[in-house]
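Visitor: Input file: run07.cif. Contents: mmCIF, C-alpha atoms.
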data_entry
loop_
_atom_site.group_PDB
_atom_site.id
_atom_site.type_symbol
_atom_site.label_atom_id
_atom_site.label_comp_id
_atom_site.auth_asym_id
_atom_site.auth_seq_id
_atom_site.Cartn_x
_atom_site.Cartn_y
_atom_site.Cartn_z
ATOM 1 C CA LYS A 1 43.339 -2.614 -0.124
ATOM 2 C CA HIS A 2 43.301 1.052 0.816
ATOM 3 C CA LEU A 3 40.459 0.586 3.315
ATOM 4 C CA THR A 4 42.305 0.030 6.565
ATOM 5 C CA SER A 5 39.789 0.903 9.274
ATOM 6 C CA ILE A 6 36.798 -1.400 9.513
ATOM 7 C CA SER A 7 34.000 -0.652 11.978
ATOM 8 C CA PRO A 8 30.408 -1.641 12.759
ATOM 9 C CA LEU A 9 28.025 -0.894 9.916
ATOM 10 C CA LEU A 10 25.752 2.091 10.072
ATOM 11 C CA VAL A 11 24.187 4.088 7.300
ATOM 12 C CA VAL A 12 25.040 5.861 4.080
ATOM 13 C CA ASN A 13 23.657 5.341 0.637
ATOM 14 C CA PRO A 14 25.284 5.171 -2.759
ATOM 15 C CA SER A 15 24.785 7.032 -5.954
ATOM 16 C CA TYR A 16 25.699 6.070 -9.439
ATOM 17 C CA ARG A 17 26.724 8.731 -11.907
ATOM 18 C CA LEU A 18 24.889 7.662 -15.013
ATOM 19 C CA GLU A 19 26.768 9.744 -17.545
ATOM 20 C CA GLU A 20 30.298 9.282 -16.222
ATOM 21 C CA HIS A 21 29.971 5.688 -15.012
ATOM 22 C CA SER A 22 31.692 6.572 -11.749
ATOM 23 C CA PHE A 23 30.576 5.665 -8.260
ATOM 24 C CA TYR A 24 30.562 7.745 -5.104
ATOM 25 C CA PRO A 25 28.669 7.961 -1.815
ATOM 26 C CA PHE A 26 27.076 11.229 -0.864
ATOM 27 C CA ARG A 27 28.585 13.411 1.833
ATOM 28 C CA THR A 28 27.888 12.591 5.455
ATOM 29 C CA GLU A 29 28.902 13.836 8.865
ATOM 30 C CA LEU A 30 28.269 10.547 10.627
ATOM 31 C CA PRO A 31 31.287 9.156 12.473
ATOM 32 C CA THR A 32 30.758 5.753 10.948
ATOM 33 C CA ILE A 33 29.535 5.195 7.428
ATOM 34 C CA LEU A 34 28.316 2.298 5.386
ATOM 35 C CA ILE A 35 28.969 2.660 1.712
ATOM 36 C CA THR A 36 27.034 0.426 -0.623
ATOM 37 C CA LEU A 37 28.409 0.421 -4.127
ATOM 38 C CA GLN A 38 26.312 -0.662 -7.061
ATOM 39 C CA MET A 39 28.797 -1.588 -9.753
ATOM 40 C CA LYS A 40 28.567 -2.491 -13.384
ATOM 41 C CA ILE A 41 31.619 -4.591 -14.178
ATOM 42 C CA HIS A 42 32.132 -5.159 -17.887
ATOM 43 C CA ARG A 43 28.726 -6.404 -19.042
ATOM 44 C CA SER A 44 27.832 -8.446 -16.001
ATOM 45 C CA PRO A 45 24.673 -7.776 -13.970
ATOM 46 C CA VAL A 46 24.643 -5.232 -11.217
ATOM 47 C CA ILE A 47 26.782 -6.325 -8.268
ATOM 48 C CA ALA A 48 26.141 -4.842 -4.835
ATOM 49 C CA PHE A 49 28.520 -5.004 -1.933
ATOM 50 C CA SER A 50 29.141 -3.091 1.291
ATOM 51 C CA LEU A 51 32.157 -1.611 2.961
ATOM 52 C CA SER A 52 32.340 0.053 6.332
ATOM 53 C CA ILE A 53 34.840 2.789 7.064
ATOM 54 C CA SER A 54 35.253 4.528 10.415
ATOM 55 C CA SER A 55 36.400 7.936 9.260
ATOM 56 C CA LEU A 56 34.748 11.313 9.583
ATOM 57 C CA PHE A 57 34.271 13.359 6.470
ATOM 58 C CA GLN A 58 36.056 16.534 7.581
ATOM 59 C CA SER A 59 35.639 18.375 4.289
ATOM 60 C CA SER A 60 32.375 19.935 3.190
ATOM 61 C CA SER A 61 32.890 18.414 -0.237
ATOM 62 C CA ALA A 62 31.654 14.965 -1.213
ATOM 63 C CA PHE A 63 33.885 12.025 -1.862
ATOM 64 C CA THR A 64 34.041 9.775 -4.871
ATOM 65 C CA ILE A 65 35.108 6.295 -5.668
ATOM 66 C CA PRO A 66 37.204 6.674 -8.823
ATOM 67 C CA SER A 67 35.625 5.690 -12.106
ATOM 68 C CA LEU A 68 36.227 2.188 -13.386
ATOM 69 C CA ASN A 69 37.531 3.571 -16.661
ATOM 70 C CA LYS A 70 40.040 1.406 -18.470
ATOM 71 C CA ARG A 71 41.285 4.430 -20.371
ATOM 72 C CA ALA A 72 42.574 6.114 -17.219
ATOM 73 C CA THR A 73 46.254 6.955 -17.527
ATOM 74 C CA SER A 74 48.970 5.583 -15.271
ATOM 75 C CA SER A 75 49.413 9.066 -13.817
ATOM 76 C CA ASN A 76 45.724 9.303 -12.977
ATOM 77 C CA ARG A 77 45.831 5.902 -11.317
ATOM 78 C CA THR A 78 48.822 6.928 -9.220
ATOM 79 C CA ASN A 79 47.161 10.166 -8.115
ATOM 80 C CA THR A 80 43.967 8.297 -7.336
ATOM 81 C CA GLN A 81 45.810 5.790 -5.158
ATOM 82 C CA LEU A 82 47.567 8.575 -3.274
ATOM 83 C CA ASN A 83 44.291 10.419 -2.698
ATOM 84 C CA MET A 84 42.551 7.241 -1.568
ATOM 85 C CA ALA A 85 45.300 6.545 0.940
ATOM 86 C CA LYS A 86 45.240 10.141 2.158
ATOM 87 C CA PHE A 87 41.501 10.277 2.670
ATOM 88 C CA GLY A 88 40.894 6.833 4.154
ATOM 89 C CA GLY A 89 39.995 5.064 0.941
ATOM 90 C CA LEU A 90 37.998 7.812 -0.755
ATOM 91 C CA GLU A 91 38.914 10.383 -3.337
ATOM 92 C CA VAL A 92 37.848 13.988 -2.753
ATOM 93 C CA ARG A 93 35.307 15.143 -5.228
ATOM 94 C CA GLU A 94 36.164 18.612 -6.498
ATOM 95 C CA GLU A 95 32.766 19.675 -7.800
ATOM 96 C CA GLY A 96 29.821 20.810 -5.673
ATOM 97 C CA ALA A 97 28.683 18.211 -3.201
ATOM 98 C CA THR A 98 25.202 19.081 -1.981
ATOM 99 C CA PRO A 99 22.228 18.241 -4.218
ATOM 100 C CA THR A 100 19.588 20.897 -4.775
ATOM 101 C CA SER A 101 15.861 20.473 -5.335
ATOM 102 C CA GLY A 102 14.431 20.082 -8.804
ATOM 103 C CA GLY A 103 15.156 17.632 -11.572
ATOM 104 C CA MET A 104 13.640 14.642 -9.769
ATOM 105 C CA ASN A 105 11.865 11.846 -11.605
ATOM 106 C CA LEU A 106 10.415 8.860 -9.764
ATOM 107 C CA TYR A 107 9.986 5.635 -11.711
ATOM 108 C CA VAL A 108 7.245 3.350 -10.345
ATOM 109 C CA LYS A 109 5.293 0.251 -11.363
ATOM 110 C CA THR A 110 2.118 0.756 -13.343
ATOM 111 C CA GLY A 111 -1.470 -0.066 -12.556
ATOM 112 C CA PRO A 112 -3.734 -2.453 -14.503
ATOM 113 C CA ASP A 113 -3.961 -0.139 -17.533
ATOM 114 C CA GLY A 114 -0.185 -0.106 -18.015
ATOM 115 C CA THR A 115 0.048 3.689 -17.770
ATOM 116 C CA SER A 116 -1.334 4.821 -14.411
ATOM 117 C CA VAL A 117 0.494 4.689 -11.067
ATOM 118 C CA GLY A 118 0.417 1.215 -9.587
ATOM 119 C CA ASP A 119 -0.171 -0.083 -6.079
ATOM 120 C CA CYS A 120 3.431 -0.317 -4.815
ATOM 121 C CA PRO A 121 3.524 0.650 -1.103
ATOM 122 C CA PHE A 122 7.267 1.327 -1.357
ATOM 123 C CA ALA A 123 6.723 3.929 -4.075
ATOM 124 C CA HIS A 124 3.902 5.363 -1.958
ATOM 125 C CA ASN A 125 6.392 5.689 0.899
ATOM 126 C CA VAL A 126 8.832 7.683 -1.263
ATOM 127 C CA ARG A 127 6.073 9.919 -2.593
ATOM 128 C CA MET A 128 4.861 10.671 0.936
ATOM 129 C CA ILE A 129 8.366 11.831 1.854
ATOM 130 C CA LEU A 130 8.601 14.001 -1.249
ATOM 131 C CA HIS A 131 5.243 15.602 -0.419
ATOM 132 C CA GLU A 132 6.094 16.081 3.259
ATOM 133 C CA LYS A 133 9.247 17.933 2.214
ATOM 134 C CA GLY A 134 7.503 19.936 -0.493
ATOM 135 C CA LEU A 135 9.853 18.637 -3.196
ATOM 136 C CA SER A 136 8.614 18.798 -6.760
ATOM 137 C CA TYR A 137 9.059 15.704 -8.895
ATOM 138 C CA ASP A 138 7.831 14.009 -12.030
ATOM 139 C CA ILE A 139 6.476 10.499 -11.862
ATOM 140 C CA THR A 140 6.937 7.901 -14.577
ATOM 141 C CA PRO A 141 4.929 4.676 -14.323
ATOM 142 C CA ALA A 142 6.846 1.991 -16.194
ATOM 143 C CA THR A 143 6.294 -1.597 -17.266
ATOM 144 C CA GLU A 144 9.023 -4.116 -18.039
ATOM 145 C CA GLU A 145 8.747 -3.035 -21.668
ATOM 146 C CA THR A 146 8.852 0.737 -21.040
ATOM 147 C CA LYS A 147 11.590 0.960 -18.398
ATOM 148 C CA PRO A 148 14.543 3.021 -19.653
ATOM 149 C CA ASP A 149 17.618 1.068 -20.685
ATOM 150 C CA TRP A 150 19.857 2.672 -18.042
ATOM 151 C CA LEU A 151 17.492 1.518 -15.286
ATOM 152 C CA ILE A 152 17.606 -2.055 -16.546
ATOM 153 C CA ASP A 153 21.313 -2.114 -17.327
ATOM 154 C CA HIS A 154 22.610 -0.563 -14.125
ATOM 155 C CA TYR A 155 19.894 -1.294 -11.543
ATOM 156 C CA GLY A 156 18.273 -4.478 -12.766
ATOM 157 C CA GLY A 157 15.090 -2.517 -13.449
ATOM 158 C CA SER A 158 14.460 -2.052 -9.722
ATOM 159 C CA MET A 159 11.650 0.334 -8.778
ATOM 160 C CA PRO A 160 10.880 2.666 -7.172
ATOM 161 C CA ALA A 161 13.877 4.468 -8.621
ATOM 162 C CA LEU A 162 14.506 8.144 -7.999
ATOM 163 C CA ARG A 163 16.565 9.811 -10.692
ATOM 164 C CA HIS A 164 17.878 13.151 -9.473
ATOM 165 C CA ARG A 165 19.583 14.781 -12.410
ATOM 166 C CA LYS A 166 22.724 12.668 -13.060
ATOM 167 C CA GLU A 167 22.247 10.349 -10.099
ATOM 168 C CA CYS A 168 19.829 7.551 -9.358
ATOM 169 C CA TYR A 169 18.796 5.812 -6.144
ATOM 170 C CA VAL A 170 16.837 2.585 -5.815
ATOM 171 C CA GLU A 171 15.249 0.860 -2.812
ATOM 172 C CA SER A 172 12.745 2.924 -0.856
ATOM 173 C CA ASP A 173 14.817 2.973 2.354
ATOM 174 C CA VAL A 174 17.856 4.234 0.457
ATOM 175 C CA ILE A 175 15.802 6.936 -1.257
ATOM 176 C CA ALA A 176 14.240 7.939 2.062
ATOM 177 C CA GLN A 177 17.618 8.376 3.756
ATOM 178 C CA TYR A 178 18.952 10.334 0.783
ATOM 179 C CA LEU A 179 16.020 12.748 0.812
ATOM 180 C CA ASP A 180 16.045 13.231 4.575
ATOM 181 C CA PHE A 181 19.795 13.818 4.666
ATOM 182 C CA PHE A 182 19.984 16.436 1.950
ATOM 183 C CA PHE A 183 16.555 18.048 2.236
ATOM 184 C CA GLN A 184 16.090 18.489 5.955
ATOM 185 C CA GLU A 185 13.041 20.732 6.051
ATOM 186 C CA PRO A 186 11.063 19.330 7.633
ATOM 187 C CA GLN A 187 13.318 16.765 9.237
ATOM 188 C CA LEU A 188 11.713 13.326 9.230
ATOM 189 C CA SER A 189 14.115 11.771 11.729
ATOM 190 C CA PRO A 190 13.640 14.320 14.511
ATOM 191 C CA TYR A 191 13.888 12.066 17.546
ATOM 192 C CA LYS A 192 16.755 10.414 19.386
ATOM 193 C CA LYS A 193 18.151 7.222 17.919
ATOM 194 C CA LYS A 194 16.681 5.033 20.651
ATOM 195 C CA GLU A 195 13.231 6.542 20.174
ATOM 196 C CA MET A 196 13.410 5.933 16.448
ATOM 197 C CA ALA A 197 14.741 2.411 17.005
ATOM 198 C CA ASP A 198 11.982 1.545 19.462
ATOM 199 C CA ALA A 199 9.357 2.790 17.018
ATOM 200 C CA GLY A 200 10.957 0.823 14.204
ATOM 201 C CA GLU A 201 10.974 -2.368 16.240
ATOM 202 C CA SER A 202 7.246 -2.016 16.842
ATOM 203 C CA THR A 203 6.645 -2.312 13.098
ATOM 204 C CA ASP A 204 8.954 -5.275 12.485
ATOM 205 C CA GLY A 205 7.293 -8.085 10.601
ATOM 206 C CA ILE A 206 4.050 -6.277 9.792
ATOM 207 C CA PHE A 207 4.259 -6.209 6.017
ATOM 208 C CA PRO A 208 5.577 -9.770 5.615
ATOM 209 C CA ALA A 209 2.691 -10.936 7.818
ATOM 210 C CA VAL A 210 0.215 -8.898 5.763
ATOM 211 C CA ALA A 211 1.597 -10.275 2.508
ATOM 212 C CA ARG A 212 1.508 -13.911 3.608
ATOM 213 C CA TYR A 213 -2.053 -13.594 4.866
ATOM 214 C CA LEU A 214 -3.465 -11.743 1.850
ATOM 215 C CA LYS A 215 -1.769 -14.085 -0.627
ATOM 216 C CA HIS A 216 -3.048 -17.257 1.000
ATOM 217 C CA THR A 217 -5.891 -19.267 -0.473
ATOM 218 C CA PRO A 218 -8.283 -20.814 0.225
ATOM 219 C CA ASP A 219 -9.528 -18.177 2.627
ATOM 220 C CA GLY A 220 -10.647 -19.495 5.996
ATOM 221 C CA ASP A 221 -8.814 -22.831 6.020
ATOM 222 C CA VAL A 222 -6.469 -23.974 8.804
ATOM 223 C CA GLY A 223 -3.435 -22.419 7.168
ATOM 224 C CA ASP A 224 -5.321 -19.173 6.732
ATOM 225 C CA ASP A 225 -6.212 -19.107 10.425
ATOM 226 C CA ALA A 226 -2.564 -19.563 11.380
ATOM 227 C CA LEU A 227 -1.514 -16.662 9.137
ATOM 228 C CA LYS A 228 -4.282 -14.526 10.599
ATOM 229 C CA GLU A 229 -3.036 -15.224 14.118
ATOM 230 C CA ASN A 230 0.499 -14.309 13.059
ATOM 231 C CA LEU A 231 -0.693 -10.960 11.721
ATOM 232 C CA GLU A 232 -2.669 -10.338 14.901
ATOM 233 C CA SER A 233 0.487 -11.038 16.899
ATOM 234 C CA VAL A 234 2.571 -8.398 15.107
ATOM 235 C CA LEU A 235 -0.303 -5.915 15.260
ATOM 236 C CA SER A 236 -0.452 -6.472 19.025
ATOM 237 C CA LYS A 237 3.163 -5.317 19.273
ATOM 238 C CA LEU A 238 2.308 -2.141 17.360
ATOM 239 C CA GLU A 239 -0.803 -1.634 19.510
ATOM 240 C CA GLU A 240 1.307 -1.830 22.657
ATOM 241 C CA HIS A 241 3.792 0.701 21.309
ATOM 242 C CA LEU A 242 1.054 3.137 20.359
ATOM 243 C CA ASN A 243 -0.370 2.908 23.894
ATOM 244 C CA ARG A 244 2.958 3.639 25.613
ATOM 245 C CA ASP A 245 3.317 6.192 28.399
ATOM 246 C CA GLY A 246 4.380 9.680 27.375
ATOM 247 C CA LYS A 247 2.880 9.574 23.901
ATOM 248 C CA THR A 248 0.802 12.671 23.210
ATOM 249 C CA GLY A 249 0.623 12.807 19.408
ATOM 250 C CA ASP A 250 -0.673 10.656 16.581
ATOM 251 C CA PHE A 251 2.560 9.236 15.205
ATOM 252 C CA LEU A 252 4.978 6.421 15.914
ATOM 253 C CA ALA A 253 8.184 7.807 17.374
ATOM 254 C CA GLY A 254 9.042 9.817 20.487
ATOM 255 C CA ASP A 255 6.096 11.788 21.847
ATOM 256 C CA GLY A 256 4.190 11.120 18.643
ATOM 257 C CA GLU A 257 3.856 14.787 17.773
ATOM 258 C CA LYS A 258 5.966 14.666 14.598
ATOM 259 C CA ILE A 259 5.621 12.487 11.550
ATOM 260 C CA THR A 260 8.794 10.552 10.668
ATOM 261 C CA LEU A 261 10.212 8.350 7.945
ATOM 262 C CA LEU A 262 8.796 5.404 9.878
ATOM 263 C CA ASP A 263 5.253 6.682 9.454
ATOM 264 C CA CYS A 264 5.772 7.282 5.747
ATOM 265 C CA SER A 265 6.972 3.701 5.427
ATOM 266 C CA LEU A 266 4.265 2.066 7.543
ATOM 267 C CA ALA A 267 1.173 3.951 6.382
ATOM 268 C CA PRO A 268 1.053 2.540 2.818
ATOM 269 C CA LYS A 269 1.513 -0.987 4.163
ATOM 270 C CA LEU A 270 -1.376 -0.562 6.589
ATOM 271 C CA PHE A 271 -3.464 0.812 3.732
ATOM 272 C CA HIS A 272 -2.815 -2.384 1.778
ATOM 273 C CA MET A 273 -3.718 -4.408 4.850
ATOM 274 C CA SER A 274 -6.991 -2.553 5.331
ATOM 275 C CA VAL A 275 -8.039 -2.889 1.696
ATOM 276 C CA GLY A 276 -6.978 -6.540 1.539
ATOM 277 C CA LEU A 277 -8.792 -7.542 4.727
ATOM 278 C CA ASN A 278 -12.008 -6.133 3.286
ATOM 279 C CA ALA A 279 -11.562 -7.492 -0.227
ATOM 280 C CA PHE A 280 -10.315 -11.001 0.515
ATOM 281 C CA LYS A 281 -10.755 -11.902 4.180
ATOM 282 C CA ASP A 282 -14.227 -10.590 4.984
ATOM 283 C CA ASN A 283 -12.630 -8.338 7.625
ATOM 284 C CA ALA A 284 -11.665 -11.357 9.684
ATOM 285 C CA ILE A 285 -9.528 -9.010 11.809
ATOM 286 C CA ASP A 286 -11.695 -6.326 13.393
ATOM 287 C CA LEU A 287 -9.201 -3.477 13.594
ATOM 288 C CA GLU A 288 -11.498 -1.052 15.385
ATOM 289 C CA ASN A 289 -12.334 -3.425 18.235
ATOM 290 C CA GLN A 290 -9.214 -5.594 18.415
ATOM 291 C CA PHE A 291 -6.633 -2.883 17.776
ATOM 292 C CA PRO A 292 -8.202 0.510 18.505
ATOM 293 C CA ALA A 293 -4.865 2.322 18.832
ATOM 294 C CA VAL A 294 -3.728 0.967 15.460
ATOM 295 C CA LYS A 295 -7.043 2.017 13.890
ATOM 296 C CA LYS A 296 -6.717 5.512 15.380
ATOM 297 C CA TYR A 297 -3.173 5.736 14.084
ATOM 298 C CA MET A 298 -4.285 4.662 10.604
ATOM 299 C CA ASP A 299 -7.046 7.281 10.553
ATOM 300 C CA ALA A 300 -4.580 10.014 11.510
ATOM 301 C CA VAL A 301 -1.837 9.149 9.047
ATOM 302 C CA PHE A 302 -4.283 8.404 6.217
ATOM 303 C CA ASP A 303 -5.611 11.945 6.696
ATOM 304 C CA ARG A 304 -2.222 13.528 5.932
ATOM 305 C CA ASP A 305 -2.113 15.467 2.691
ATOM 306 C CA SER A 306 1.124 13.689 1.831
ATOM 307 C CA PHE A 307 -0.641 10.319 2.069
ATOM 308 C CA LYS A 308 -3.688 11.406 0.082
ATOM 309 C CA ASN A 309 -1.689 13.188 -2.633
ATOM 310 C CA ALA A 310 0.243 9.975 -3.318
ATOM 311 C CA LEU A 311 -2.751 7.642 -3.110
ATOM 312 C CA TYR A 312 -4.000 5.234 -5.779
ATOM 313 C CA PRO A 313 -7.508 3.707 -5.949
ATOM 314 C CA GLU A 314 -8.428 0.786 -3.706
ATOM 315 C CA GLU A 315 -9.321 -1.118 -6.864
ATOM 316 C CA THR A 316 -5.663 -0.948 -7.885
ATOM 317 C CA VAL A 317 -4.643 -2.520 -4.569
ATOM 318 C CA VAL A 318 -7.186 -5.309 -5.049
ATOM 319 C CA TRP A 319 -5.894 -5.880 -8.592
ATOM 320 C CA GLY A 320 -2.307 -6.115 -7.353
ATOM 321 C CA TRP A 321 -3.017 -8.623 -4.595
ATOM 322 C CA SER A 322 -5.350 -10.647 -6.820
ATOM 323 C CA ASN A 323 -2.402 -11.233 -9.129
ATOM 324 C CA ALA A 324 -0.304 -12.409 -6.187
ATOM 325 C CA ARG A 325 -2.831 -14.752 -4.602
ATOM 326 C CA SER A 326 -2.449 -18.497 -5.001
ATOM 327 C CA PRO A 327 -4.704 -20.063 -7.665
#
Could you spell out this file's structure in structure tokens?
Guide:
Amino acid sequence: KHLTSISPLLVVNPSYRLEEHSFYPFRTELPTILITLQMKIHRSPVIAFSLSISSLFQSSSAFTIPSLNKRATSSNRTNTQLNMAKFGGLEVREEGATPTSGGMNLYVKTGPDGTSVGDCPFAHNVRMILHEKGLSYDITPATEETKPDWLIDHYGGSMPALRHRKECYVESDVIAQYLDFFFQEPQLSPYKKKEMADAGESTDGIFPAVARYLKHTPDGDVGDDALKENLESVLSKLEEHLNRDGKTGDFLAGDGEKITLLDCSLAPKLFHMSVGLNAFKDNAIDLENQFPAVKKYMDAVFDRDSFKNALYPEETVVWGWSNARSP
């Protein structure tokens, strides 16, 4: 009831304080923010909802949604309400706001042996970003049986999950924005918003098309041909974008000279596509001849140290998709 100014949704990601059971979004300087709160209410499952507030964060400190602590005193509740009204629905957080490097642990799905890193392209995306930024981290492959209780209780066991000291972030896009906001060297969103948006639109629908095609059996039937044509259609859009005027570098956005979050997201998905086409579809799509710009792009981004340092064997990719394919 304290949120009085509602505006179009943009971007800001949540964090959940594991030890204190309080919720707060990290600091931002964007004029419009989208706060997504992941809440544990009593013993119910995680509930996610979004609020949009059009207020600038003028202070250098972070803001916090007050803890849902039943033991809070009446005085504390009154002060909280006053602070929320004063600061547009958010309470000023008094402790240090800006995260520092170190203390990161990334939880990811396992491979076929139950202990090695699995084939998740979304975890690969996060690891590429961590490597591009030179951030040290531990990695913990986890099965349903070995996931920590806090990850299951408060996040539904969702992975990849980046625990950064007392805070945790799930969903690869959320983690990516968190890392790029607080650890800006090198910046992975270096281009104008329109340039980033245009590049993002060129990748729309690629992974869903890849997934539908690789999962389909029997290979080569009428339904398979239709899914192949759908994948070729979305790849054509990417091919056109990569051949645009003014592009001088290898990457997706702007002039193509700088790698971005979009590349870190797309590269693992194209890796899965490449492996899957060879393993299951007898290379029915000839990337080199049909989509030479896409193939050139794949060669360039696959050659990045960040991509290679986060890579898992092709056999793990084949294992993962084999489990997903129709009997």
Visitor: Of the candidates A:Phe302, A:Phe251, A:Tyr297, A:Tyr213, which one gets nearest to Leu277 (chain A) if we count only C-alpha atoms?
Guide: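 For Leu277 (chain A), the nearest of the candidates is A:Tyr213.
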Visitor: Tell me, as a list in words, which residues lie within 7 Å of region 99-106 of chain A, counting only C-alpha atoms; anything in the same chain fewer than 5 positions away does not count.
Guide: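 Near neighbours after the sequence-gap exclusion: Leu135, Ser136, Tyr137, Asp138, Ile139, Thr140, Pro160, Ala161, Leu162, Arg163, His164, Arg165 and Phe182 of chain A.
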Visitor: Enter the distance from CA of Asp286 (chain A) to CA of Ala211 (chain A), in Å, rounded to one decimal.
Guide: 17.6 Å
Visitor: A:Gln290, A:Ser116, A:Gln177, A:Asn230: which is nearest Tyr312 (chain A), counting only C-alpha atoms?
Guide: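 Smallest distance to Tyr312 (chain A) is found for A:Ser116.
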Visitor: Measuring between all atoms listed in the file, which one of A:Leu188, A:Val126, A:Ala300, A:Leu214 shows the shortest distance to Tyr169 (chain A)?
Guide: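 The answer is A:Val126, which sits nearest to Tyr169 (chain A).
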Visitor: From the list A:Leu238, A:Val294, A:Leu130, A:Leu270, which residue is nearest Tyr178 (chain A) when using all atoms listed in the file?
Guide: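 Closest residue, counting all atoms listed in the file: A:Leu130.
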Visitor: Check what the PyMOL selection byres ((chain A and resi 124) around 12) selects in the file above and give those residues as a ChimeraX atom specification.
Guide: /A:106-109,117-123,125-131,139,159-160,172-173,176,263-272,302,306-312,317
